[in-house]
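Participant: File model-v1.json below, JSON, C-alpha atoms and all ligand atoms:
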```
[["chain", "number", "residue", "atom", "x", "y", "z"],
["O", 1, "MET", "CA", 0.00, 0.00, 0.00],
["O", 2, "ILE", "CA", 1.20, 3.53, -0.76],
["O", 3, "ILE", "CA", 0.05, 6.29, 1.57],
["O", 4, "SER", "CA", 0.84, 9.90, 0.74],
["O", 5, "VAL", "CA", 0.79, 12.40, 3.58],
["O", 6, "ALA", "CA", -0.14, 15.85, 2.30],
["O", 7, "SER", "CA", -1.31, 19.26, 3.47],
["O", 8, "GLY", "CA", -2.71, 22.28, 1.69],
["O", 9, "LYS", "CA", -0.10, 24.48, 3.34],
["O", 10, "GLY", "CA", 3.24, 24.16, 5.08],
["O", 11, "GLY", "CA", 3.67, 24.01, 8.84],
["O", 12, "THR", "CA", 0.58, 21.95, 9.65],
["O", 13, "GLY", "CA", 2.51, 18.91, 10.90],
["O", 14, "LYS", "CA", 2.67, 16.78, 7.75],
["O", 15, "THR", "CA", 6.21, 15.57, 8.45],
["O", 16, "THR", "CA", 5.36, 15.00, 12.12],
["O", 17, "VAL", "CA", 2.55, 12.67, 11.07],
["O", 18, "SER", "CA", 4.48, 10.81, 8.34],
["O", 19, "THR", "CA", 7.62, 10.23, 10.43],
["O", 20, "ASN", "CA", 5.73, 9.24, 13.59],
["O", 21, "MET", "CA", 3.58, 6.83, 11.63],
["O", 22, "ALA", "CA", 6.66, 5.24, 10.07],
["O", 23, "LEU", "CA", 8.41, 4.94, 13.43],
["O", 24, "ALA", "CA", 5.32, 3.68, 15.27],
["O", 25, "LEU", "CA", 4.78, 0.95, 12.69],
["O", 26, "GLY", "CA", 8.48, 0.10, 12.99],
["O", 27, "GLU", "CA", 8.12, -2.59, 10.36],
["O", 28, "LYS", "CA", 9.64, -3.12, 6.96],
["O", 29, "LEU", "CA", 8.44, -0.12, 5.03],
["O", 30, "THR", "CA", 9.76, 2.58, 2.73],
["O", 31, "PHE", "CA", 9.66, 6.24, 3.67],
["O", 32, "LEU", "CA", 9.92, 8.56, 0.66],
["O", 33, "ASP", "CA", 10.58, 12.22, 1.36],
["O", 34, "CYS", "CA", 9.12, 13.88, -1.74],
["O", 35, "ASP", "CA", 9.20, 17.35, -0.19],
["O", 36, "VAL", "CA", 12.26, 17.82, -2.37],
["O", 37, "GLU", "CA", 12.62, 21.59, -1.93],
["O", 38, "GLU", "CA", 12.89, 21.25, 1.81],
["O", 39, "PRO", "CA", 13.20, 17.62, 2.86],
["O", 40, "ASN", "CA", 13.21, 17.37, 6.65],
["O", 41, "GLY", "CA", 11.98, 13.85, 7.41],
["O", 42, "HIS", "CA", 15.66, 12.93, 7.97],
["O", 43, "LEU", "CA", 15.83, 15.34, 10.91],
["O", 44, "PHE", "CA", 13.33, 13.15, 12.77],
["O", 45, "LEU", "CA", 14.04, 9.65, 11.44],
["O", 46, "LYS", "CA", 17.82, 10.16, 11.49],
["O", 47, "PRO", "CA", 18.57, 7.49, 8.90],
["O", 48, "LYS", "CA", 22.05, 6.24, 8.06],
["O", 49, "ILE", "CA", 22.59, 7.41, 4.47],
["O", 50, "GLU", "CA", 24.28, 4.68, 2.45],
["O", 51, "GLN", "CA", 24.13, 5.97, -1.13],
["O", 52, "VAL", "CA", 23.84, 9.33, -2.89],
["O", 53, "GLU", "CA", 22.82, 9.57, -6.53],
["O", 54, "ARG", "CA", 22.86, 12.63, -8.78],
["O", 55, "VAL", "CA", 19.69, 13.27, -10.79],
["O", 56, "SER", "CA", 19.61, 15.16, -14.05],
["O", 57, "ILE", "CA", 17.16, 15.68, -16.90],
["O", 58, "ALA", "CA", 17.89, 15.79, -20.61],
["O", 59, "VAL", "CA", 17.85, 19.23, -22.24],
["O", 60, "PRO", "CA", 18.59, 20.12, -25.89],
["O", 61, "LEU", "CA", 22.04, 20.93, -27.20],
["O", 62, "VAL", "CA", 21.97, 22.61, -30.62],
["O", 63, "ASP", "CA", 24.69, 22.19, -33.24],
["O", 64, "GLU", "CA", 24.39, 25.51, -35.07],
["O", 65, "ALA", "CA", 26.67, 24.27, -37.85],
["O", 66, "LYS", "CA", 23.83, 21.93, -38.92],
["O", 67, "CYS", "CA", 20.98, 24.34, -38.14],
["O", 68, "THR", "CA", 19.04, 26.12, -40.92],
["O", 69, "PHE", "CA", 17.16, 28.31, -38.36],
["O", 70, "CYS", "CA", 13.82, 27.01, -39.60],
["O", 71, "LYS", "CA", 12.21, 27.65, -36.13],
["O", 72, "LYS", "CA", 10.44, 24.27, -36.04],
["O", 73, "CYS", "CA", 11.94, 23.63, -32.61],
["O", 74, "SER", "CA", 10.76, 26.93, -31.12],
["O", 75, "ASP", "CA", 7.31, 26.53, -32.69],
["O", 76, "ILE", "CA", 6.73, 23.18, -30.95],
["O", 77, "CYS", "CA", 8.07, 24.16, -27.53],
["O", 78, "ARG", "CA", 5.13, 24.97, -25.20],
["O", 79, "PHE", "CA", 7.48, 26.31, -22.57],
["O", 80, "ASN", "CA", 9.43, 28.85, -24.66],
["O", 81, "ALA", "CA", 12.57, 27.01, -23.67],
["O", 82, "ILE", "CA", 14.11, 27.13, -27.14],
["O", 83, "VAL", "CA", 14.03, 30.28, -29.26],
["O", 84, "VAL", "CA", 15.49, 31.12, -32.66],
["O", 85, "VAL", "CA", 16.79, 34.67, -32.86],
["O", 86, "GLY", "CA", 18.22, 35.51, -36.28],
["O", 87, "SER", "CA", 21.03, 33.03, -36.79],
["O", 88, "SER", "CA", 21.21, 31.81, -33.21],
["O", 89, "VAL", "CA", 19.23, 29.19, -31.30],
["O", 90, "LEU", "CA", 18.93, 29.99, -27.61],
["O", 91, "VAL", "CA", 18.10, 27.24, -25.11],
["O", 92, "PHE", "CA", 16.74, 28.27, -21.70],
["O", 93, "LYS", "CA", 17.62, 25.13, -19.77],
["O", 94, "ASP", "CA", 15.71, 26.15, -16.65],
["O", 95, "LEU", "CA", 12.45, 26.33, -18.63],
["O", 96, "CYS", "CA", 12.94, 23.02, -20.46],
["O", 97, "HIS", "CA", 10.57, 20.21, -19.37],
["O", 98, "SER", "CA", 12.65, 17.59, -21.14],
["O", 99, "CYS", "CA", 9.82, 16.49, -23.46],
["O", 100, "GLY", "CA", 12.17, 15.86, -26.39],
["O", 101, "GLY", "CA", 9.73, 17.49, -28.87],
["O", 102, "CYS", "CA", 12.30, 19.85, -30.38],
["O", 103, "MET", "CA", 14.66, 16.96, -31.10],
["O", 104, "VAL", "CA", 11.93, 15.00, -32.86],
["O", 105, "VAL", "CA", 10.85, 17.86, -35.16],
["O", 106, "CYS", "CA", 14.30, 19.12, -36.11],
["O", 107, "PRO", "CA", 14.67, 18.27, -39.82],
["O", 108, "GLU", "CA", 18.46, 18.65, -39.74],
["O", 109, "ASN", "CA", 19.21, 16.40, -36.74],
["O", 110, "ALA", "CA", 20.87, 19.45, -35.24],
["O", 111, "ILE", "CA", 19.64, 18.78, -31.69],
["O", 112, "SER", "CA", 21.15, 16.27, -29.32],
["O", 113, "GLU", "CA", 20.75, 15.84, -25.55],
["O", 114, "THR", "CA", 22.81, 17.13, -22.72],
["O", 115, "GLY", "CA", 22.13, 16.85, -18.97],
["O", 116, "ARG", "CA", 20.97, 19.48, -16.48],
["O", 117, "GLU", "CA", 21.50, 18.52, -12.86],
["O", 118, "LEU", "CA", 18.34, 18.71, -10.74],
["O", 119, "GLY", "CA", 19.73, 17.57, -7.42],
["O", 120, "THR", "CA", 20.46, 14.39, -5.51],
["O", 121, "ILE", "CA", 18.63, 11.39, -4.12],
["O", 122, "GLU", "CA", 19.84, 9.89, -0.87],
["O", 123, "TYR", "CA", 19.15, 6.29, 0.15],
["O", 124, "GLY", "CA", 19.55, 4.87, 3.62],
["O", 125, "HIS", "CA", 17.94, 3.04, 6.53],
["O", 126, "ARG", "CA", 16.60, 3.71, 10.00],
["O", 127, "ASP", "CA", 16.37, 0.19, 11.43],
["O", 128, "ALA", "CA", 13.75, -1.64, 9.31],
["O", 129, "ILE", "CA", 12.64, 1.58, 7.61],
["O", 130, "ARG", "CA", 14.09, 2.09, 4.14],
["O", 131, "PHE", "CA", 14.60, 5.83, 3.74],
["O", 132, "VAL", "CA", 14.78, 7.73, 0.43],
["O", 133, "GLN", "CA", 14.82, 11.49, 0.02],
["O", 134, "GLY", "CA", 15.14, 13.86, -2.90],
["O", 135, "ARG", "CA", 17.02, 17.09, -2.51],
["O", 136, "LEU", "CA", 16.49, 19.69, -5.24],
["O", 137, "ARG", "CA", 19.49, 21.84, -6.21],
["O", 138, "ILE", "CA", 19.20, 25.34, -4.71],
["O", 139, "GLY", "CA", 17.51, 27.64, -7.22],
["O", 140, "GLU", "CA", 16.07, 24.72, -9.23],
["O", 141, "ALA", "CA", 12.35, 25.06, -9.96],
["O", 142, "MET", "CA", 11.65, 21.77, -11.70],
["O", 143, "SER", "CA", 10.63, 19.54, -8.81],
["O", 144, "PRO", "CA", 8.13, 17.07, -10.47],
["O", 145, "PRO", "CA", 10.85, 15.10, -12.36],
["O", 146, "MET", "CA", 12.79, 14.81, -9.09],
["O", 147, "ILE", "CA", 9.68, 13.63, -7.22],
["O", 148, "LYS", "CA", 9.01, 11.05, -9.94],
["O", 149, "LYS", "CA", 12.57, 9.80, -9.53],
["O", 150, "VAL", "CA", 12.17, 9.49, -5.73],
["O", 151, "ARG", "CA", 8.92, 7.56, -6.26],
["O", 152, "GLU", "CA", 10.74, 5.07, -8.48],
["O", 153, "ALA", "CA", 12.22, 3.74, -5.22],
["O", 154, "THR", "CA", 8.79, 2.30, -4.27],
["O", 155, "ILE", "CA", 8.90, -1.48, -3.88],
["O", 156, "PRO", "CA", 5.67, -2.95, -5.31],
["O", 157, "GLY", "CA", 3.56, -4.68, -2.67],
["O", 158, "GLU", "CA", 5.42, -3.10, 0.26],
["O", 159, "LEU", "CA", 4.09, -0.40, 2.55],
["O", 160, "THR", "CA", 5.31, 3.02, 1.41],
["O", 161, "ILE", "CA", 4.76, 6.30, 3.24],
["O", 162, "ILE", "CA", 5.28, 9.43, 1.14],
["O", 163, "ASP", "CA", 5.90, 12.81, 2.72],
["O", 164, "ALA", "CA", 4.46, 15.03, -0.04],
["O", 165, "PRO", "CA", 5.37, 18.68, -0.59],
["O", 166, "PRO", "CA", 2.95, 21.23, 0.88],
["O", 167, "GLY", "CA", 0.42, 23.04, -1.33],
["O", 168, "THR", "CA", -1.81, 21.89, -4.18],
["O", 169, "SER", "CA", 0.28, 22.50, -7.31],
["O", 170, "CYS", "CA", 2.15, 20.18, -9.73],
["O", 171, "PRO", "CA", 4.75, 18.89, -7.20],
["O", 172, "VAL", "CA", 1.99, 17.71, -4.82],
["O", 173, "ILE", "CA", 0.11, 16.03, -7.65],
["O", 174, "ALA", "CA", 3.35, 14.27, -8.69],
["O", 175, "ALA", "CA", 3.71, 12.99, -5.11],
["O", 176, "MET", "CA", 0.06, 11.91, -4.62],
["O", 177, "LYS", "CA", -0.78, 10.52, -8.07],
["O", 178, "GLY", "CA", -1.19, 6.74, -8.12],
["O", 179, "THR", "CA", -1.10, 6.35, -4.32],
["O", 180, "ASP", "CA", -3.73, 4.24, -2.54],
["O", 181, "PHE", "CA", -4.66, 6.76, 0.14],
["O", 182, "VAL", "CA", -4.01, 10.42, 0.89],
["O", 183, "LEU", "CA", -3.69, 11.36, 4.54],
["O", 184, "MET", "CA", -4.28, 15.10, 4.79],
["O", 185, "VAL", "CA", -2.98, 17.02, 7.77],
["O", 186, "THR", "CA", -4.59, 20.28, 8.80],
["O", 187, "GLU", "CA", -5.34, 22.46, 11.78],
["O", 188, "PRO", "CA", -8.71, 23.87, 12.86],
["O", 189, "THR", "CA", -8.10, 27.48, 11.83],
["O", 190, "PRO", "CA", -9.47, 29.60, 8.95],
["O", 191, "PHE", "CA", -6.12, 29.19, 7.10],
["O", 192, "GLY", "CA", -6.21, 25.45, 7.73],
["O", 193, "LEU", "CA", -9.76, 25.17, 6.41],
["O", 194, "HIS", "CA", -9.04, 27.29, 3.33],
["O", 195, "ASP", "CA", -6.03, 25.20, 2.32],
["O", 196, "LEU", "CA", -7.75, 21.93, 3.24],
["O", 197, "LYS", "CA", -10.56, 22.76, 0.79],
["O", 198, "LEU", "CA", -7.99, 23.22, -2.00],
["O", 199, "ALA", "CA", -6.26, 19.96, -1.07],
["O", 200, "VAL", "CA", -9.57, 18.08, -1.05],
["O", 201, "GLU", "CA", -10.37, 19.39, -4.54],
["O", 202, "ALA", "CA", -7.00, 18.12, -5.81],
["O", 203, "VAL", "CA", -7.48, 14.72, -4.16],
["O", 204, "LYS", "CA", -11.00, 14.43, -5.62],
["O", 205, "LEU", "CA", -9.67, 15.16, -9.11],
["O", 206, "LEU", "CA", -7.20, 12.32, -8.68],
["O", 207, "GLY", "CA", -9.97, 10.05, -7.33],
["O", 208, "ILE", "CA", -7.93, 8.85, -4.33],
["O", 209, "PRO", "CA", -9.60, 7.95, -1.00],
["O", 210, "ALA", "CA", -8.57, 10.33, 1.77],
["O", 211, "GLY", "CA", -8.61, 10.79, 5.53],
["O", 212, "LEU", "CA", -7.71, 13.59, 7.88],
["O", 213, "VAL", "CA", -5.40, 14.21, 10.81],
["O", 214, "ILE", "CA", -6.22, 17.34, 12.78],
["O", 215, "ASN", "CA", -3.13, 18.77, 14.40],
["O", 216, "ARG", "CA", -3.30, 21.25, 17.29],
["O", 217, "CYS", "CA", -6.95, 20.16, 17.51],
["O", 218, "ASP", "CA", -7.60, 22.19, 20.66],
["O", 219, "ILE", "CA", -6.96, 25.58, 19.04],
["O", 220, "GLY", "CA", -9.30, 27.35, 16.59],
["O", 221, "ASP", "CA", -12.90, 26.38, 15.89],
["O", 222, "ARG", "CA", -15.09, 23.46, 14.65],
["O", 223, "LYS", "CA", -15.35, 24.53, 10.99],
["O", 224, "VAL", "CA", -12.75, 21.98, 9.80],
["O", 225, "TYR", "CA", -14.72, 19.23, 11.56],
["O", 226, "GLU", "CA", -17.99, 20.37, 9.98],
["O", 227, "TYR", "CA", -16.35, 20.50, 6.55],
["O", 228, "ALA", "CA", -14.87, 16.99, 6.98],
["O", 229, "GLU", "CA", -18.30, 15.63, 7.94],
["O", 230, "LYS", "CA", -19.98, 17.27, 4.94],
["O", 231, "GLN", "CA", -17.31, 15.90, 2.60],
["O", 232, "ASN", "CA", -17.49, 12.47, 4.24],
["O", 233, "ILE", "CA", -13.77, 12.52, 5.05],
["O", 234, "PRO", "CA", -12.94, 10.37, 8.10],
["O", 235, "ILE", "CA", -10.91, 11.97, 10.87],
["O", 236, "LEU", "CA", -8.25, 9.40, 11.73],
["O", 237, "LEU", "CA", -6.36, 11.21, 14.48],
["O", 238, "GLU", "CA", -6.52, 14.39, 16.55],
["O", 239, "ILE", "CA", -3.28, 15.71, 18.02],
["O", 240, "PRO", "CA", -3.62, 18.37, 20.72],
["O", 241, "PHE", "CA", -1.24, 21.27, 21.23],
["O", 242, "ASP", "CA", 1.17, 19.91, 23.81],
["O", 243, "ARG", "CA", 4.31, 21.54, 25.18],
["O", 244, "LYS", "CA", 6.16, 18.22, 25.39],
["O", 245, "MET", "CA", 5.40, 17.51, 21.72],
["O", 246, "ALA", "CA", 6.53, 21.01, 20.70],
["O", 247, "GLU", "CA", 9.79, 20.54, 22.61],
["O", 248, "ALA", "CA", 10.35, 17.13, 20.98],
["O", 249, "TYR", "CA", 9.81, 18.74, 17.56],
["O", 250, "SER", "CA", 12.29, 21.51, 18.27],
["O", 251, "TRP", "CA", 14.90, 18.89, 19.27],
["O", 252, "GLY", "CA", 14.23, 16.82, 16.13],
["O", 253, "GLN", "CA", 12.62, 13.98, 18.07],
["O", 254, "CYS", "CA", 9.53, 12.03, 17.12],
["O", 255, "ILE", "CA", 6.51, 12.14, 19.44],
["O", 256, "VAL", "CA", 6.46, 8.34, 19.71],
["O", 257, "GLU", "CA", 10.04, 8.40, 21.02],
["O", 258, "VAL", "CA", 9.38, 10.80, 23.87],
["O", 259, "MET", "CA", 5.73, 9.90, 24.50],
["O", 260, "PRO", "CA", 5.47, 6.14, 23.80],
["O", 261, "GLU", "CA", 1.77, 6.20, 24.69],
["O", 262, "TRP", "CA", 1.25, 7.79, 21.24],
["O", 263, "LYS", "CA", 2.68, 4.79, 19.40],
["O", 264, "ASP", "CA", -0.65, 2.95, 19.24],
["O", 265, "LYS", "CA", -2.46, 6.09, 18.08],
["O", 266, "PHE", "CA", -0.11, 6.54, 15.11],
["O", 267, "LYS", "CA", -0.24, 2.80, 14.38],
["O", 268, "GLY", "CA", -4.03, 3.08, 14.55],
["O", 269, "ILE", "CA", -4.03, 5.48, 11.57],
["O", 270, "TYR", "CA", -2.67, 2.69, 9.36],
["O", 271, "ARG", "CA", -5.15, 0.15, 10.74],
["O", 272, "ASP", "CA", -8.03, 2.59, 10.09],
["O", 273, "ILE", "CA", -6.81, 3.25, 6.55],
["O", 274, "GLU", "CA", -6.82, -0.50, 5.87],
["O", 275, "LEU", "CA", -10.35, -0.82, 7.27],
["O", 276, "HIS", "CA", -11.53, 2.22, 5.29],
["O", 277, "LEU", "CA", -10.13, 0.82, 2.02],
["O", 278, "GLU", "CA", -11.65, -2.62, 2.75],
["O", 279, "GLY", "CA", -15.01, -0.91, 3.38],
["O", 280, "LEU", "CA", -14.76, 0.94, 0.05],
["O", 281, "LYS", "CA", -14.01, -2.34, -1.78],
["O", 282, "GLU", "CA", -17.10, -3.93, -0.27],
["O", 283, "THR", "CA", -19.34, -1.06, -1.40],
["O", 284, "VAL", "CA", -18.13, -1.35, -5.03],
["O", 301, "LIG", "S1", 14.46, 22.77, -35.74],
["O", 301, "LIG", "FE1", 16.62, 22.24, -35.95],
["O", 301, "LIG", "S2", 17.20, 23.25, -37.83],
["O", 301, "LIG", "FE2", 15.27, 24.19, -37.22],
["O", 301, "LIG", "S3", 15.90, 25.97, -36.00],
["O", 301, "LIG", "FE3", 15.64, 24.29, -34.58],
["O", 301, "LIG", "S4", 17.66, 23.39, -34.37],
["O", 301, "LIG", "FE4", 17.71, 24.64, -36.19],
["O", 302, "LIG", "S1", 12.81, 19.33, -24.80],
["O", 302, "LIG", "FE1", 10.67, 20.03, -24.88],
["O", 302, "LIG", "S2", 10.57, 21.58, -23.30],
["O", 302, "LIG", "FE2", 12.73, 21.27, -23.70],
["O", 302, "LIG", "S3", 13.22, 22.80, -25.21],
["O", 302, "LIG", "FE3", 12.70, 20.94, -26.33],
["O", 302, "LIG", "S4", 10.52, 21.16, -26.79],
["O", 302, "LIG", "FE4", 10.99, 22.65, -25.20]]
```
What's the structure tokens form of this structure?
Facilitator:
Amino acid sequence: MIISVASGKGGTGKTTVSTNMALALGEKLTFLDCDVEEPNGHLFLKPKIEQVERVSIAVPLVDEAKCTFCKKCSDICRFNAIVVVGSSVLVFKDLCHSCGGCMVVCPENAISETGRELGTIEYGHRDAIRFVQGRLRIGEAMSPPMIKKVREATIPGELTIIDAPPGTSCPVIAAMKGTDFVLMVTEPTPFGLHDLKLAVEAVKLLGIPAGLVINRCDIGDRKVYEYAEKQNIPILLEIPFDRKMAEAYSWGQCIVEVMPEWKDKFKGIYRDIELHLEGLKETV
């Protein structure tokens, strides 16, 4: 089963939930940190990194000696990443989505591929947990290809927990797409509700079953609860605001390490997801 842990906005406790769930389950599973712009699952799981791999995407390299400046390449590029100006072909590597279209249409075979480094992927372990994280190069904007690469580390049939990037744009979709369940983390505030609504829309478009964790459940109001009920989204865990938890977070410790009584609650999320998915199968 693949569970993606997502939130409409940053700072709601998405990484707290994903890392605590992984640690509470403590079994053979894969943890994928797809929050590639700011991966911080490692701060809590403290894995031993065993391998680092560079990731790059193919971008065009133009041989102007062969080029007739016909503009077919710039006409096909939806991203304005290749432009013909007089007798020069300019490639804007940062805009290129590596679709290969320009290479296919070039009648002179003047375009070949070169690599643009996106960042690195780190592989390691924390006990039985297999840990994989993507780390986007500073200043790099193209995170979906990096997220796809991190997701290639999924082992079919094994439990995988994905820490998705915050928000509701392309990187989040790349992290959630094709997963079996989306666990959304929010807080009961107007900001939390606003961003939860956006996240729910995205999850609905993808057609993935979802559940909710309400963090800092004792602040704010009941509007998030009312919305979840209306949308028929099960609430799988409520985490109160707790000084001990906040201190653990600031020291890079998981809740289940400093408050072992929470282990069963985080394990329970997984059990409830299984039951929820079984229930959905029966209603089909
Ligand atoms: S399609 Fe090929 S030949 Fe035409 S402008 Fe582009 S690189 Fe040059
Ligand atoms: S590979 Fe695709 S995105 Fe990149 S320059 Fe060529 S057509 Fe544009």
Participant: What residues have any atom no more than 8 Å from ligand LIG 302 (chain O) when counting all atoms listed in the file, and can you list them as a PyMOL selection string?
Facilitator: chain O and resi 58-60+73-74+76-82+91-93+95-103
Participant: Output C-alpha atoms for every residue in that selection, as a PDB file, keeping the file's coordinate frame.
Facilitator:
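File written: out.pdb
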```pdb
ATOM      1  CA  ALA O  58      17.890  15.790 -20.610  1.00  0.00           C
ATOM      2  CA  VAL O  59      17.850  19.230 -22.240  1.00  0.00           C
ATOM      3  CA  PRO O  60      18.590  20.120 -25.890  1.00  0.00           C
ATOM      4  CA  CYS O  73      11.940  23.630 -32.610  1.00  0.00           C
ATOM      5  CA  SER O  74      10.760  26.930 -31.120  1.00  0.00           C
ATOM      6  CA  ILE O  76       6.730  23.180 -30.950  1.00  0.00           C
ATOM      7  CA  CYS O  77       8.070  24.160 -27.530  1.00  0.00           C
ATOM      8  CA  ARG O  78       5.130  24.970 -25.200  1.00  0.00           C
ATOM      9  CA  PHE O  79       7.480  26.310 -22.570  1.00  0.00           C
ATOM     10  CA  ASN O  80       9.430  28.850 -24.660  1.00  0.00           C
ATOM     11  CA  ALA O  81      12.570  27.010 -23.670  1.00  0.00           C
ATOM     12  CA  ILE O  82      14.110  27.130 -27.140  1.00  0.00           C
ATOM     13  CA  VAL O  91      18.100  27.240 -25.110  1.00  0.00           C
ATOM     14  CA  PHE O  92      16.740  28.270 -21.700  1.00  0.00           C
ATOM     15  CA  LYS O  93      17.620  25.130 -19.770  1.00  0.00           C
ATOM     16  CA  LEU O  95      12.450  26.330 -18.630  1.00  0.00           C
ATOM     17  CA  CYS O  96      12.940  23.020 -20.460  1.00  0.00           C
ATOM     18  CA  HIS O  97      10.570  20.210 -19.370  1.00  0.00           C
ATOM     19  CA  SER O  98      12.650  17.590 -21.140  1.00  0.00           C
ATOM     20  CA  CYS O  99       9.820  16.490 -23.460  1.00  0.00           C
ATOM     21  CA  GLY O 100      12.170  15.860 -26.390  1.00  0.00           C
ATOM     22  CA  GLY O 101       9.730  17.490 -28.870  1.00  0.00           C
ATOM     23  CA  CYS O 102      12.300  19.850 -30.380  1.00  0.00           C
ATOM     24  CA  MET O 103      14.660  16.960 -31.100  1.00  0.00           C
TER      25      MET O 103
END
```
Participant: Could you jot down the atom CA of O:Asp242 to atom CA of O:Asn215 separation for me, Å, one decimal place?
Facilitator: 10.4 Å
Participant: May I have the protein, DNA and RNA residues with an atom at most 8 Å from (-15.0, 8.0, 2.1), counting all atoms listed in the file in the file's coordinates, returned as a PyMOL selection string?
Facilitator: chain O and resi 209-211+232-234+276+280
Participant: All residues within 8 Å of ligand LIG 301 (chain O) are required, counting all atoms listed in the file; please report them as an NGL selection string.
Facilitator: :O and (62-64 or 66-74 or 84 or 89 or 102-103 or 105-111)
Participant: Take every atom of stretch 80-92 of chain O listed in the file, fit an axis-aligned box around them, add 4 Å per side, and give the centre and edge lengths in Å to one decimal as AutoDock Vina command-line options.
Facilitator:
```
--center_x 15.3 --center_y 31.3 --center_z -29.2 --size_x 19.8 --size_y 16.5 --size_z 23.1
```
Participant: Please identify all polymer residues within 9 Å of O:Arg151, counting all atoms listed in the file, omitting same-chain residues fewer than 3 positions from it, and present them as an NGL selection string.
Facilitator: :O and (32 or 34 or 132 or 146-148 or 154 or 162 or 175)
Participant: Residues near stretch 263-273 of chain O, anyone? I mean within 6 Å using only C-alpha atoms, not counting same-chain ones fewer than 2 positions away, as a ChimeraX atom specification.
Facilitator: /O:21,24-25,236,256,260-261,275-276
Participant: Take atom CA of O:Leu45 and atom CA of O:Ala199 and report the distance between them in Å, one decimal.
Facilitator: 26.0 Å
Participant: So what do you get for atom CA of O:Met1 versus atom CA of O:Thr179, distance-wise?
Facilitator: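 Going from atom CA of O:Met1 over to atom CA of O:Thr179, I get 7.8 Å.
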Participant: Which residue gives the smallest distance to O:Asp127 among O:Trp262, O:Phe241, O:Phe31, O:Trp251, with all atoms listed in the file counted?
Facilitator: O:Phe31
Participant: Quick one: of O:Leu43, O:Leu205, O:Ile138, O:Cys170, who's nearest to O:Gln253, counting all atoms listed in the file?
Facilitator: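 Checking each candidate against O:Gln253, we get O:Leu43 as the closest.
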Participant: Scan for residues within 8 Å of the point (16.3, 9.3, -10.7) in the coordinates of the file, using all atoms listed in the file, and reply as a ChimeraX atom specification.
Facilitator: /O:53-56,121,146,148-150,152
Participant: Tell me, as an MDAnalysis selection string, which residues lie within 12 Å of O:Tyr227, counting all atoms listed in the file; anything in the same chain fewer than 4 positions away does not count.
Facilitator: chainID O and resid 186 188 190 192:194 196:197 200 212 221:223 231:235
Participant: Excluding O:Gly139 and its own-chain neighbours fewer than 3 positions away, which residues fall within 10 Å of it when counting only C-alpha atoms? Please give them as a PyMOL selection string.
Facilitator: chain O and resi 37+94+118+136+142
Participant: Keeping just N, CA and C atoms, export stretch 262-273 of chain O of this structure as an mmCIF file, in the first residue's frame.
Facilitator:
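After the write, out-v1.cif holds the following:
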```
data_model
loop_
_atom_site.group_PDB
_atom_site.id
_atom_site.type_symbol
_atom_site.label_atom_id
_atom_site.label_comp_id
_atom_site.auth_asym_id
_atom_site.auth_seq_id
_atom_site.Cartn_x
_atom_site.Cartn_y
_atom_site.Cartn_z
ATOM 1 N N TRP O 262 1.813 7.383 22.533
ATOM 2 C CA TRP O 262 1.250 7.792 21.243
ATOM 3 C C TRP O 262 1.511 6.779 20.127
ATOM 4 N N LYS O 263 2.324 5.784 20.423
ATOM 5 C CA LYS O 263 2.677 4.790 19.396
ATOM 6 C C LYS O 263 1.426 4.113 18.818
ATOM 7 N N ASP O 264 0.550 3.657 19.703
ATOM 8 C CA ASP O 264 -0.651 2.950 19.242
ATOM 9 C C ASP O 264 -1.571 3.867 18.442
ATOM 10 N N LYS O 265 -1.583 5.154 18.808
ATOM 11 C CA LYS O 265 -2.462 6.090 18.081
ATOM 12 C C LYS O 265 -1.963 6.266 16.641
ATOM 13 N N PHE O 266 -0.639 6.395 16.478
ATOM 14 C CA PHE O 266 -0.114 6.539 15.114
ATOM 15 C C PHE O 266 -0.229 5.227 14.338
ATOM 16 N N LYS O 267 -0.039 4.098 15.035
ATOM 17 C CA LYS O 267 -0.243 2.795 14.382
ATOM 18 C C LYS O 267 -1.701 2.660 13.942
ATOM 19 N N GLY O 268 -2.590 3.175 14.803
ATOM 20 C CA GLY O 268 -4.032 3.080 14.546
ATOM 21 C C GLY O 268 -4.430 3.764 13.242
ATOM 22 N N ILE O 269 -3.685 4.793 12.832
ATOM 23 C CA ILE O 269 -4.026 5.475 11.569
ATOM 24 C C ILE O 269 -3.951 4.450 10.434
ATOM 25 N N TYR O 270 -2.865 3.667 10.436
ATOM 26 C CA TYR O 270 -2.670 2.687 9.360
ATOM 27 C C TYR O 270 -3.781 1.640 9.386
ATOM 28 N N ARG O 271 -4.100 1.163 10.607
ATOM 29 C CA ARG O 271 -5.150 0.150 10.741
ATOM 30 C C ARG O 271 -6.482 0.725 10.207
ATOM 31 N N ASP O 272 -6.769 1.980 10.549
ATOM 32 C CA ASP O 272 -8.027 2.589 10.088
ATOM 33 C C ASP O 272 -8.037 2.789 8.572
ATOM 34 N N ILE O 273 -6.873 3.090 8.017
ATOM 35 C CA ILE O 273 -6.813 3.245 6.546
ATOM 36 C C ILE O 273 -7.138 1.894 5.891
#
```
